[in-house]
Amino acid sequence: MTTDTSQYLGRQGADWWRGAVIYQIYPRSFQDTRGDGIGDLQGVIDRLDYIASLNVDAIWLSPFFTSPMKDFGYDVSDYRDVDPMFGTLVDFDRLVEAAHARGLKVTIDQVLSHTSDAHPWFQESRESRDNPRADWYVWADPRPDGAPPTNWQAIFGGSAWQWDTRRCQYYLHNFLVEQPDLNFRNPAVVEAILGEVRFWLERGVDGFRLDAVNFCTHGELKDNPPRDDIREGFIGVRPDNPYGYQQHIHDKTQPENLAFLERLRALLDEYPGTTSVGEVGDDDSLGVMAEYSRGGNRLHMAYSFDLLGERHDPEYLRGILTEMESRIEDGWPCWALGNHDVTRLASRWDAAALRLYLAFLLTQRGSICLYQGEELGLTEAELSFEQLVDPAGITFWPAYKGRDGCRTPMPWQADAPHGGFSRAAPWLPVPDAHLGLAVDQQDAAPDSLLNAYRAFLAFRRTQPALVKGDITYHPVRDEVLCLERTHQGNRLLVALNFAGEPRELPAPREAQSLAEAPAWVNGSWQDGTLRLPAYGIAIARCTTDSEEASWDV
Ligand code: TEU
């Protein structure tokens, strides 16, 4: 193929983020250089060559800001500084410079919907009902009987309202008691928050992952109605958590939040080439992803938990993806199969099909997030109750074990203490089962999962149709999901066999296996027949003049 791919490499131009692959780093668990058992920014710097070797386009750093760490950094007490356990602002600046030198963009988490209760804004706000920041958080009087103002539930357990004895009022917290929600209905709060975001834009970041972005604006203080169809597999939405018993009509995803997103986008537009991806947790996440990312004046992208649950049959996956395509208009999705909030992919879906999942994820239309360790096939760590530190797991044990199992440290070296993560005992243990999967082991093995990720990511970069092309899905047949990506006359066919046994299907005669694809993309197209091994993958090119080539044979 003679197409000049340089403009599609995903790293160049102001829309580098469209179709980019973003590697999520959970700094506490990436690499410790200070010997305290907790990862740090210097550790990320030291491992940038590894990250660049994966052929990803960007990193997303989970929070490293000053924090009492009740929710491991998602409770920020100073938006403008680095927590001493992670290093300093100087380290951060060095990290940005070193990443850029390797062609990696740097995006950071912004936890704007709530602060830590140790944040000076909240400390002031809770002092009285008439201080200058009295209205910066969501305060409300009790009901006449002293009960909380509404029936809203916190995702991490209990009422979303916490009584405060100074003001003799309740404050709203959608997550932990120590994570009071900011009042985005107050224009002064919006101005202050935009100032915090500008601080990082001025420091040269390339974008933001916006935590729980649909929680920023709360609604009228009215009770949420009940629901009876509790879905499983999402944080908070589970039969053992009353958060899942309600329709979340009033507590989040309010139309007024759009005005905030538009202000935020206007700010980002002052810094060309920066981007944003909003995390959405809602009963209608796909609708909110579309609403938040369309129009060119809100977020650049949004992502949800729809591919982060237990279900992974091809009908389900196709259902989510086709619904997204039909609703997103000019918006842009971001997809992930793992993150720091959900059970590790290798333990959640079929461990035998990890190459299939990687090909599935990386052939979808949208940008992609990979979570550290996914490329190694790390399994969920089995921890005892005594080892847990995540408050969500401690509260809901044993029905829900929380998020520690997907947050254990990266294993770098099989024969080093703690897998080479730290000289000291880490904040969460490195499971023995992870040592055989350590980076040094997989680096040396050409057939390793790590090298499969590298190869597929390198291949994807050369295929504009996979990075930015349109997408169409065919009906699932015999557990085989078939899709097409088209871009400027190039047409790629992708077949993904979700069955644990081989499949043979009729296929367009014009389809020709793509020689550039990694060798383990092992299906074949021949004389109108597609042959796929168990969990096999096949990618073919159809020439432009074979538009009529059809799979519906
Ligand atoms: O998670 C947000 C979150 O859990 C919800 O938005 C989720 O989508 C919803 O429950 C599904 O219905 C983020 C972080 O990723 C997480 O680590 C933090 O603990 C949390 O916000 C609070 O900051």
# chains A, B, ... in the order shown; residues from 1 in each chain; ligands from 1

call {"tool": "residues_around", "arguments": {"residues": "range 30-35 of chain A", "least_positions_apart": "4", "cutoff": "6 Å", "atoms": "only C-alpha atoms", "output": "PyMOL selection string"}}
result
chain A and resi 39-40+43+409-410+421-424

call {"tool": "write_last_selection", "arguments": {"atoms": "all heavy atoms", "output": "PDB file, in the first residue's frame"}}
result
ATOM      1  N   GLY A  39       4.919   3.683  44.343  1.00  0.00           N
ATOM      2  CA  GLY A  39       5.474   4.197  43.090  1.00  0.00           C
ATOM      3  C   GLY A  39       5.528   5.711  43.092  1.00  0.00           C
ATOM      4  O   GLY A  39       4.878   6.371  43.901  1.00  0.00           O
ATOM      5  N   ASP A  40       6.321   6.289  42.179  1.00  0.00           N
ATOM      6  CA  ASP A  40       6.478   7.751  42.159  1.00  0.00           C
ATOM      7  C   ASP A  40       6.741   8.239  40.734  1.00  0.00           C
ATOM      8  O   ASP A  40       6.897   7.432  39.807  1.00  0.00           O
ATOM      9  CB  ASP A  40       7.604   8.169  43.121  1.00  0.00           C
ATOM     10  CG  ASP A  40       8.819   7.278  42.989  1.00  0.00           C
ATOM     11  OD1 ASP A  40       9.315   7.147  41.869  1.00  0.00           O
ATOM     12  OD2 ASP A  40       9.244   6.677  44.013  1.00  0.00           O
ATOM     13  N   GLY A  43       9.793   7.105  39.028  1.00  0.00           N
ATOM     14  CA  GLY A  43       9.624   5.738  38.529  1.00  0.00           C
ATOM     15  C   GLY A  43       8.996   5.735  37.137  1.00  0.00           C
ATOM     16  O   GLY A  43       9.382   4.929  36.278  1.00  0.00           O
ATOM     17  N   PRO A 409       1.289  -3.886  42.357  1.00  0.00           N
ATOM     18  CA  PRO A 409       2.389  -3.304  41.576  1.00  0.00           C
ATOM     19  C   PRO A 409       2.739  -4.059  40.294  1.00  0.00           C
ATOM     20  O   PRO A 409       2.540  -5.272  40.193  1.00  0.00           O
ATOM     21  CB  PRO A 409       3.566  -3.354  42.558  1.00  0.00           C
ATOM     22  CG  PRO A 409       2.939  -3.356  43.909  1.00  0.00           C
ATOM     23  CD  PRO A 409       1.674  -4.157  43.755  1.00  0.00           C
ATOM     24  N   MET A 410       3.314  -3.323  39.360  1.00  0.00           N
ATOM     25  CA  MET A 410       3.812  -3.903  38.102  1.00  0.00           C
ATOM     26  C   MET A 410       4.984  -4.828  38.412  1.00  0.00           C
ATOM     27  O   MET A 410       5.926  -4.435  39.115  1.00  0.00           O
ATOM     28  CB  MET A 410       4.334  -2.796  37.180  1.00  0.00           C
ATOM     29  CG  MET A 410       3.282  -2.088  36.388  1.00  0.00           C
ATOM     30  SD  MET A 410       2.648  -3.044  34.983  1.00  0.00           S
ATOM     31  CE  MET A 410       3.950  -2.855  33.768  1.00  0.00           C
ATOM     32  N   PHE A 421       9.660  -3.976  41.616  1.00  0.00           N
ATOM     33  CA  PHE A 421       8.873  -2.750  41.772  1.00  0.00           C
ATOM     34  C   PHE A 421       9.477  -1.829  42.826  1.00  0.00           C
ATOM     35  O   PHE A 421       9.524  -0.618  42.665  1.00  0.00           O
ATOM     36  CB  PHE A 421       7.420  -3.099  42.144  1.00  0.00           C
ATOM     37  CG  PHE A 421       6.627  -1.927  42.662  1.00  0.00           C
ATOM     38  CD1 PHE A 421       6.213  -0.916  41.799  1.00  0.00           C
ATOM     39  CD2 PHE A 421       6.319  -1.814  44.018  1.00  0.00           C
ATOM     40  CE1 PHE A 421       5.502   0.184  42.272  1.00  0.00           C
ATOM     41  CE2 PHE A 421       5.610  -0.718  44.500  1.00  0.00           C
ATOM     42  CZ  PHE A 421       5.201   0.280  43.625  1.00  0.00           C
ATOM     43  N   SER A 422       9.947  -2.431  43.913  1.00  0.00           N
ATOM     44  CA  SER A 422      10.431  -1.634  45.050  1.00  0.00           C
ATOM     45  C   SER A 422      11.424  -2.440  45.870  1.00  0.00           C
ATOM     46  O   SER A 422      11.337  -3.669  45.922  1.00  0.00           O
ATOM     47  CB  SER A 422       9.234  -1.245  45.927  1.00  0.00           C
ATOM     48  OG  SER A 422       9.681  -0.613  47.101  1.00  0.00           O
ATOM     49  N   ARG A 423      12.325  -1.733  46.553  1.00  0.00           N
ATOM     50  CA  ARG A 423      13.242  -2.392  47.492  1.00  0.00           C
ATOM     51  C   ARG A 423      12.482  -2.757  48.773  1.00  0.00           C
ATOM     52  O   ARG A 423      12.827  -3.678  49.482  1.00  0.00           O
ATOM     53  CB  ARG A 423      14.388  -1.459  47.904  1.00  0.00           C
ATOM     54  CG  ARG A 423      15.077  -0.740  46.791  1.00  0.00           C
ATOM     55  CD  ARG A 423      16.345  -0.052  47.302  1.00  0.00           C
ATOM     56  NE  ARG A 423      16.092   1.209  47.985  1.00  0.00           N
ATOM     57  CZ  ARG A 423      15.854   2.357  47.350  1.00  0.00           C
ATOM     58  NH1 ARG A 423      15.815   2.401  46.028  1.00  0.00           N
ATOM     59  NH2 ARG A 423      15.666   3.491  48.021  1.00  0.00           N
ATOM     60  N   ALA A 424      11.432  -1.975  49.067  1.00  0.00           N
ATOM     61  CA  ALA A 424      10.688  -2.163  50.320  1.00  0.00           C
ATOM     62  C   ALA A 424       9.413  -2.963  50.058  1.00  0.00           C
ATOM     63  O   ALA A 424       9.013  -3.148  48.911  1.00  0.00           O
ATOM     64  CB  ALA A 424      10.323  -0.801  50.894  1.00  0.00           C
TER      65      ALA A 424
END

call {"tool": "residues_near_ligand", "arguments": {"ligand": "ligand 1", "cutoff": "9 Å", "atoms": "only C-alpha atoms and all ligand atoms", "output": "JSON, numbers by chain"}}
result
{"A": [62, 71, 72, 73, 74, 75, 111, 112, 113, 114, 115, 155, 156, 174, 175, 176, 179, 210, 211, 212, 213, 214, 215, 233, 234, 235, 236, 237, 243, 244, 279, 280, 281, 282, 283, 285, 304, 305, 339, 340, 341, 392, 403]}

call {"tool": "write_last_selection", "arguments": {"atoms": "N, CA and C atoms", "output": "short mmCIF file (atom, residue, chain, number, x, y, z; two decimals), in the first residue's frame"}}
result
data_model
loop_
_atom_site.label_atom_id
_atom_site.label_comp_id
_atom_site.auth_asym_id
_atom_site.auth_seq_id
_atom_site.Cartn_x
_atom_site.Cartn_y
_atom_site.Cartn_z
N SER A 62 -2.96 8.51 36.54
CA SER A 62 -3.96 8.61 37.61
C SER A 62 -3.43 9.60 38.65
N ASP A 71 -9.04 7.90 49.14
CA ASP A 71 -9.43 7.17 47.92
C ASP A 71 -8.22 7.11 46.98
N PHE A 72 -7.04 7.00 47.58
CA PHE A 72 -5.78 6.83 46.85
C PHE A 72 -5.59 7.87 45.75
N GLY A 73 -5.82 9.12 46.14
CA GLY A 73 -5.51 10.24 45.25
C GLY A 73 -6.72 10.83 44.56
N TYR A 74 -7.84 10.11 44.56
CA TYR A 74 -9.07 10.68 43.97
C TYR A 74 -9.78 11.59 44.99
N ASP A 75 -9.06 11.92 46.05
CA ASP A 75 -9.51 12.89 47.04
C ASP A 75 -8.39 13.95 47.12
N VAL A 111 -9.82 15.47 39.03
CA VAL A 111 -10.94 15.03 39.85
C VAL A 111 -11.68 16.29 40.28
N LEU A 112 -12.58 16.75 39.43
CA LEU A 112 -13.16 18.08 39.64
C LEU A 112 -14.49 18.02 40.38
N SER A 113 -15.19 16.92 40.32
CA SER A 113 -16.55 16.91 40.88
C SER A 113 -16.54 17.02 42.40
N HIS A 114 -15.45 16.56 43.01
CA HIS A 114 -15.35 16.62 44.46
C HIS A 114 -13.91 16.91 44.85
N THR A 115 -13.70 17.37 46.07
CA THR A 115 -12.35 17.51 46.61
C THR A 115 -12.21 16.57 47.80
N ILE A 155 -21.86 6.05 46.32
CA ILE A 155 -21.39 4.85 45.61
C ILE A 155 -20.60 3.93 46.53
N PHE A 156 -19.86 4.53 47.46
CA PHE A 156 -19.02 3.72 48.34
C PHE A 156 -19.72 3.33 49.65
N ASN A 174 -20.98 12.07 46.75
CA ASN A 174 -21.39 10.92 45.93
C ASN A 174 -20.47 9.73 46.13
N PHE A 175 -19.27 9.99 46.64
CA PHE A 175 -18.33 8.89 46.85
C PHE A 175 -18.09 8.76 48.36
N LEU A 176 -16.86 8.88 48.84
CA LEU A 176 -16.61 8.73 50.28
C LEU A 176 -17.07 9.96 51.06
N GLN A 179 -14.97 12.85 50.55
CA GLN A 179 -14.94 13.43 49.19
C GLN A 179 -16.17 14.30 48.96
N LEU A 210 -11.17 13.19 32.80
CA LEU A 210 -12.02 13.91 33.76
C LEU A 210 -12.81 12.90 34.57
N ASP A 211 -12.47 12.82 35.83
CA ASP A 211 -13.06 11.82 36.72
C ASP A 211 -14.54 12.11 36.94
N ALA A 212 -15.36 11.06 36.88
CA ALA A 212 -16.78 11.15 37.25
C ALA A 212 -17.41 12.46 36.77
N VAL A 213 -17.23 12.78 35.50
CA VAL A 213 -17.52 14.14 35.03
C VAL A 213 -19.02 14.44 35.02
N ASN A 214 -19.85 13.41 34.98
CA ASN A 214 -21.29 13.67 35.00
C ASN A 214 -21.83 13.88 36.42
N PHE A 215 -20.93 13.80 37.40
CA PHE A 215 -21.35 14.05 38.79
C PHE A 215 -21.15 15.52 39.19
N GLY A 233 -21.93 -5.56 37.64
CA GLY A 233 -20.67 -5.38 36.95
C GLY A 233 -20.16 -3.96 36.93
N PHE A 234 -20.89 -3.04 37.51
CA PHE A 234 -20.42 -1.66 37.56
C PHE A 234 -20.12 -1.31 39.00
N ILE A 235 -19.15 -0.41 39.18
CA ILE A 235 -18.90 0.03 40.55
C ILE A 235 -20.19 0.67 41.03
N GLY A 236 -20.61 0.34 42.20
CA GLY A 236 -21.78 1.01 42.75
C GLY A 236 -23.10 0.39 42.36
N VAL A 237 -23.21 -0.12 41.14
CA VAL A 237 -24.49 -0.65 40.69
C VAL A 237 -24.48 -2.16 40.87
N TYR A 243 -26.98 1.81 46.23
CA TYR A 243 -26.84 2.77 45.13
C TYR A 243 -27.51 2.23 43.87
N GLY A 244 -27.47 0.91 43.72
CA GLY A 244 -28.03 0.28 42.52
C GLY A 244 -29.54 0.18 42.54
N GLU A 279 -15.00 10.58 32.03
CA GLU A 279 -15.50 9.30 32.53
C GLU A 279 -16.97 9.46 32.90
N VAL A 280 -17.80 8.59 32.34
CA VAL A 280 -19.24 8.69 32.55
C VAL A 280 -19.76 7.42 33.21
N GLY A 281 -20.42 7.58 34.33
CA GLY A 281 -21.10 6.45 34.96
C GLY A 281 -22.57 6.81 35.10
N ASP A 282 -23.41 6.22 34.26
CA ASP A 282 -24.82 6.62 34.26
C ASP A 282 -25.68 5.44 33.83
N ASP A 283 -27.00 5.50 34.16
CA ASP A 283 -27.90 4.45 33.71
C ASP A 283 -27.94 4.40 32.19
N SER A 285 -25.22 5.42 29.98
CA SER A 285 -23.86 5.92 29.73
C SER A 285 -23.63 6.25 28.26
N SER A 304 -17.16 5.00 29.12
CA SER A 304 -18.09 4.49 30.13
C SER A 304 -17.59 3.13 30.61
N PHE A 305 -18.40 2.51 31.44
CA PHE A 305 -18.05 1.21 31.99
C PHE A 305 -18.67 0.05 31.20
N ASN A 339 -9.29 -1.04 33.84
CA ASN A 339 -8.79 0.17 34.49
C ASN A 339 -8.61 -0.11 35.98
N HIS A 340 -8.31 0.92 36.74
CA HIS A 340 -7.98 0.75 38.15
C HIS A 340 -9.21 0.55 39.03
N ASP A 341 -10.39 0.45 38.43
CA ASP A 341 -11.62 0.27 39.20
C ASP A 341 -12.27 -1.09 39.02
N ALA A 392 -13.88 0.87 49.49
CA ALA A 392 -15.06 0.24 48.89
C ALA A 392 -15.05 -1.26 49.16
N ARG A 403 -11.18 -2.78 44.85
CA ARG A 403 -10.35 -2.56 43.68
C ARG A 403 -8.87 -2.83 43.90
#

call {"tool": "atom_distance", "arguments": {"atom1": "CA of Gln526 in chain A", "atom2": "CA of Gln364 in chain A"}}
result
24.4 Å

call {"tool": "closest_residue", "arguments": {"among": "A:Leu466, A:Leu378, A:Leu268, A:Leu345", "to": "Ala14 in chain A", "atoms": "only C-alpha atoms"}}
result
A:Leu268

call {"tool": "residues_around", "arguments": {"residues": "range 201-209 of chain A", "least_positions_apart": "4", "cutoff": "7 Å", "atoms": "only C-alpha atoms", "output": "PyMOL selection string"}}
result
chain A and resi 105-110+197+273-278

call {"tool": "residues_around", "arguments": {"residues": "range 15-26 of chain A", "least_positions_apart": "5", "cutoff": "8 Å", "atoms": "only C-alpha atoms", "output": "PDB file with N, CA, C and O atoms, in the first residue's frame"}}
result
ATOM      1  N   LEU A   9      -0.719   8.765  12.063  1.00  0.00           N
ATOM      2  CA  LEU A   9       0.003   8.011  13.088  1.00  0.00           C
ATOM      3  C   LEU A   9      -0.569   8.219  14.472  1.00  0.00           C
ATOM      4  O   LEU A   9      -0.192   7.565  15.412  1.00  0.00           O
ATOM      5  N   GLY A  10      -1.512   9.127  14.582  1.00  0.00           N
ATOM      6  CA  GLY A  10      -2.159   9.292  15.872  1.00  0.00           C
ATOM      7  C   GLY A  10      -1.383  10.193  16.796  1.00  0.00           C
ATOM      8  O   GLY A  10      -1.782  10.439  17.920  1.00  0.00           O
ATOM      9  N   ILE A  51       7.388   2.220  28.107  1.00  0.00           N
ATOM     10  CA  ILE A  51       6.067   2.655  27.614  1.00  0.00           C
ATOM     11  C   ILE A  51       6.145   2.964  26.119  1.00  0.00           C
ATOM     12  O   ILE A  51       5.272   2.553  25.341  1.00  0.00           O
ATOM     13  N   VAL A  56       2.385   2.962  22.081  1.00  0.00           N
ATOM     14  CA  VAL A  56       1.186   3.742  22.406  1.00  0.00           C
ATOM     15  C   VAL A  56       1.469   5.213  22.093  1.00  0.00           C
ATOM     16  O   VAL A  56       2.619   5.599  21.857  1.00  0.00           O
ATOM     17  N   ASP A  57       0.419   6.022  22.087  1.00  0.00           N
ATOM     18  CA  ASP A  57       0.567   7.425  21.699  1.00  0.00           C
ATOM     19  C   ASP A  57       0.654   8.378  22.889  1.00  0.00           C
ATOM     20  O   ASP A  57       1.181   9.478  22.763  1.00  0.00           O
ATOM     21  N   ALA A  58       0.079   7.958  24.007  1.00  0.00           N
ATOM     22  CA  ALA A  58      -0.034   8.881  25.141  1.00  0.00           C
ATOM     23  C   ALA A  58      -0.057   8.104  26.438  1.00  0.00           C
ATOM     24  O   ALA A  58      -0.316   6.898  26.440  1.00  0.00           O
ATOM     25  N   ILE A  59       0.211   8.808  27.526  1.00  0.00           N
ATOM     26  CA  ILE A  59      -0.029   8.211  28.850  1.00  0.00           C
ATOM     27  C   ILE A  59      -1.120   9.015  29.547  1.00  0.00           C
ATOM     28  O   ILE A  59      -1.329  10.189  29.246  1.00  0.00           O
ATOM     29  N   TRP A  60      -1.832   8.340  30.423  1.00  0.00           N
ATOM     30  CA  TRP A  60      -2.773   8.995  31.340  1.00  0.00           C
ATOM     31  C   TRP A  60      -2.272   8.634  32.727  1.00  0.00           C
ATOM     32  O   TRP A  60      -2.158   7.461  33.058  1.00  0.00           O
ATOM     33  N   LEU A  61      -1.953   9.663  33.500  1.00  0.00           N
ATOM     34  CA  LEU A  61      -1.480   9.447  34.863  1.00  0.00           C
ATOM     35  C   LEU A  61      -2.654   9.564  35.818  1.00  0.00           C
ATOM     36  O   LEU A  61      -3.283  10.625  35.910  1.00  0.00           O
ATOM     37  N   SER A  62      -2.965   8.508  36.542  1.00  0.00           N
ATOM     38  CA  SER A  62      -3.959   8.613  37.609  1.00  0.00           C
ATOM     39  C   SER A  62      -3.429   9.602  38.647  1.00  0.00           C
ATOM     40  O   SER A  62      -2.246   9.941  38.642  1.00  0.00           O
ATOM     41  N   PRO A  63      -4.287  10.115  39.543  1.00  0.00           N
ATOM     42  CA  PRO A  63      -3.897  11.264  40.375  1.00  0.00           C
ATOM     43  C   PRO A  63      -2.595  11.098  41.161  1.00  0.00           C
ATOM     44  O   PRO A  63      -2.341  10.059  41.770  1.00  0.00           O
ATOM     45  N   GLY A 273      -4.265  21.433  20.435  1.00  0.00           N
ATOM     46  CA  GLY A 273      -3.621  20.122  20.539  1.00  0.00           C
ATOM     47  C   GLY A 273      -3.888  19.452  21.872  1.00  0.00           C
ATOM     48  O   GLY A 273      -3.449  18.324  22.083  1.00  0.00           O
ATOM     49  N   THR A 275      -6.512  17.781  24.748  1.00  0.00           N
ATOM     50  CA  THR A 275      -7.708  16.955  24.612  1.00  0.00           C
ATOM     51  C   THR A 275      -8.328  16.637  25.965  1.00  0.00           C
ATOM     52  O   THR A 275      -7.752  16.953  27.023  1.00  0.00           O
ATOM     53  N   TRP A 332     -17.075  11.371  19.827  1.00  0.00           N
ATOM     54  CA  TRP A 332     -15.983  10.395  19.682  1.00  0.00           C
ATOM     55  C   TRP A 332     -15.887   9.549  20.949  1.00  0.00           C
ATOM     56  O   TRP A 332     -15.740  10.091  22.048  1.00  0.00           O
ATOM     57  N   ASN A 339      -9.288  -1.040  33.841  1.00  0.00           N
ATOM     58  CA  ASN A 339      -8.791   0.174  34.495  1.00  0.00           C
ATOM     59  C   ASN A 339      -8.605  -0.113  35.984  1.00  0.00           C
ATOM     60  O   ASN A 339      -8.713  -1.273  36.407  1.00  0.00           O
ATOM     61  N   HIS A 340      -8.312   0.921  36.743  1.00  0.00           N
ATOM     62  CA  HIS A 340      -7.981   0.747  38.155  1.00  0.00           C
ATOM     63  C   HIS A 340      -9.210   0.546  39.032  1.00  0.00           C
ATOM     64  O   HIS A 340      -9.097   0.514  40.250  1.00  0.00           O
ATOM     65  N   ARG A 365     -13.778   1.576  16.486  1.00  0.00           N
ATOM     66  CA  ARG A 365     -13.676   2.991  16.134  1.00  0.00           C
ATOM     67  C   ARG A 365     -13.702   3.793  17.431  1.00  0.00           C
ATOM     68  O   ARG A 365     -14.641   3.703  18.210  1.00  0.00           O
ATOM     69  N   GLY A 366     -12.646   4.551  17.639  1.00  0.00           N
ATOM     70  CA  GLY A 366     -12.574   5.340  18.861  1.00  0.00           C
ATOM     71  C   GLY A 366     -11.141   5.381  19.332  1.00  0.00           C
ATOM     72  O   GLY A 366     -10.247   4.792  18.719  1.00  0.00           O
ATOM     73  N   SER A 367     -10.936   6.092  20.424  1.00  0.00           N
ATOM     74  CA  SER A 367      -9.620   6.059  21.057  1.00  0.00           C
ATOM     75  C   SER A 367      -9.648   4.926  22.082  1.00  0.00           C
ATOM     76  O   SER A 367     -10.712   4.446  22.453  1.00  0.00           O
ATOM     77  N   ILE A 368      -8.466   4.521  22.497  1.00  0.00           N
ATOM     78  CA  ILE A 368      -8.374   3.300  23.317  1.00  0.00           C
ATOM     79  C   ILE A 368      -7.525   3.588  24.552  1.00  0.00           C
ATOM     80  O   ILE A 368      -6.469   4.217  24.453  1.00  0.00           O
ATOM     81  N   CYS A 369      -7.995   3.112  25.703  1.00  0.00           N
ATOM     82  CA  CYS A 369      -7.152   3.156  26.908  1.00  0.00           C
ATOM     83  C   CYS A 369      -6.724   1.735  27.268  1.00  0.00           C
ATOM     84  O   CYS A 369      -7.555   0.824  27.292  1.00  0.00           O
ATOM     85  N   LEU A 370      -5.455   1.579  27.538  1.00  0.00           N
ATOM     86  CA  LEU A 370      -4.933   0.304  28.050  1.00  0.00           C
ATOM     87  C   LEU A 370      -4.491   0.556  29.479  1.00  0.00           C
ATOM     88  O   LEU A 370      -3.864   1.582  29.767  1.00  0.00           O
ATOM     89  N   TYR A 371      -4.791  -0.360  30.359  1.00  0.00           N
ATOM     90  CA  TYR A 371      -4.425  -0.184  31.764  1.00  0.00           C
ATOM     91  C   TYR A 371      -3.133  -0.934  32.057  1.00  0.00           C
ATOM     92  O   TYR A 371      -2.973  -2.083  31.650  1.00  0.00           O
ATOM     93  N   GLN A 372      -2.217  -0.310  32.751  1.00  0.00           N
ATOM     94  CA  GLN A 372      -0.913  -0.916  33.031  1.00  0.00           C
ATOM     95  C   GLN A 372      -1.058  -2.365  33.493  1.00  0.00           C
ATOM     96  O   GLN A 372      -1.889  -2.674  34.354  1.00  0.00           O
ATOM     97  N   ARG A 407      -4.907  -3.374  41.433  1.00  0.00           N
ATOM     98  CA  ARG A 407      -3.985  -2.253  41.663  1.00  0.00           C
ATOM     99  C   ARG A 407      -2.633  -2.677  42.207  1.00  0.00           C
ATOM    100  O   ARG A 407      -1.840  -1.831  42.635  1.00  0.00           O
ATOM    101  N   VAL A 467      -7.197   3.355  12.599  1.00  0.00           N
ATOM    102  CA  VAL A 467      -7.047   4.487  13.521  1.00  0.00           C
ATOM    103  C   VAL A 467      -8.239   5.441  13.421  1.00  0.00           C
ATOM    104  O   VAL A 467      -8.811   5.851  14.426  1.00  0.00           O
ATOM    105  N   LYS A 468      -8.622   5.747  12.204  1.00  0.00           N
ATOM    106  CA  LYS A 468      -9.642   6.797  12.057  1.00  0.00           C
ATOM    107  C   LYS A 468     -10.816   6.421  11.169  1.00  0.00           C
ATOM    108  O   LYS A 468     -11.704   7.229  10.944  1.00  0.00           O
TER     109      LYS A 468
END

call {"tool": "select_by_dssp", "arguments": {"residues": "range 4-96 of chain A", "states": "alpha helix (DSSP H)", "output": "ChimeraX atom specification"}}
result
/A:41-46,48-53,89-96

call {"tool": "atom_distance", "arguments": {"atom1": "CA of Met324 in chain A", "atom2": "CA of Ala290 in chain A"}}
result
7.6 Å

call {"tool": "residues_around", "arguments": {"residues": "Leu264 in chain A", "least_positions_apart": "3", "cutoff": "8 Å", "atoms": "only C-alpha atoms", "output": "list in words"}}
result
Leu194, Phe260, Leu261, Leu267, Leu268 and Arg298 of chain A

call {"tool": "write_last_selection", "arguments": {"atoms": "N, CA and C atoms", "output": "PDB file, in the first residue's frame"}}
result
ATOM      1  N   LEU A 194     -11.742  26.059  36.815  1.00  0.00           N
ATOM      2  CA  LEU A 194     -11.095  26.308  35.521  1.00  0.00           C
ATOM      3  C   LEU A 194      -9.678  26.844  35.741  1.00  0.00           C
ATOM      4  N   PHE A 260     -20.985  23.779  31.933  1.00  0.00           N
ATOM      5  CA  PHE A 260     -19.631  23.656  32.491  1.00  0.00           C
ATOM      6  C   PHE A 260     -18.687  23.014  31.466  1.00  0.00           C
ATOM      7  N   LEU A 261     -19.153  21.962  30.811  1.00  0.00           N
ATOM      8  CA  LEU A 261     -18.288  21.292  29.831  1.00  0.00           C
ATOM      9  C   LEU A 261     -17.916  22.264  28.703  1.00  0.00           C
ATOM     10  N   LEU A 267     -11.718  26.673  27.355  1.00  0.00           N
ATOM     11  CA  LEU A 267     -10.394  26.817  27.956  1.00  0.00           C
ATOM     12  C   LEU A 267      -9.370  25.942  27.219  1.00  0.00           C
ATOM     13  N   LEU A 268      -9.725  24.689  26.982  1.00  0.00           N
ATOM     14  CA  LEU A 268      -8.790  23.791  26.288  1.00  0.00           C
ATOM     15  C   LEU A 268      -8.483  24.301  24.879  1.00  0.00           C
ATOM     16  N   ARG A 298     -17.871  20.579  23.435  1.00  0.00           N
ATOM     17  CA  ARG A 298     -17.918  20.007  24.798  1.00  0.00           C
ATOM     18  C   ARG A 298     -16.636  19.202  24.973  1.00  0.00           C
TER      19      ARG A 298
END

call {"tool": "residues_around", "arguments": {"residues": "Ile249 in chain A", "least_positions_apart": "3", "cutoff": "9 Å", "atoms": "only C-alpha atoms", "output": "number ranges by chain"}}
result
A: 219, 223-225, 246, 252-254

call {"tool": "closest_residue", "arguments": {"among": "A:Ala399, A:Cys168, A:Met85, A:Leu308", "to": "Arg143 in chain A", "atoms": "only C-alpha atoms"}}
result
A:Cys168

call {"tool": "atom_distance", "arguments": {"atom1": "CA of Phe64 in chain A", "atom2": "CA of Val82 in chain A"}}
result
5.7 Å
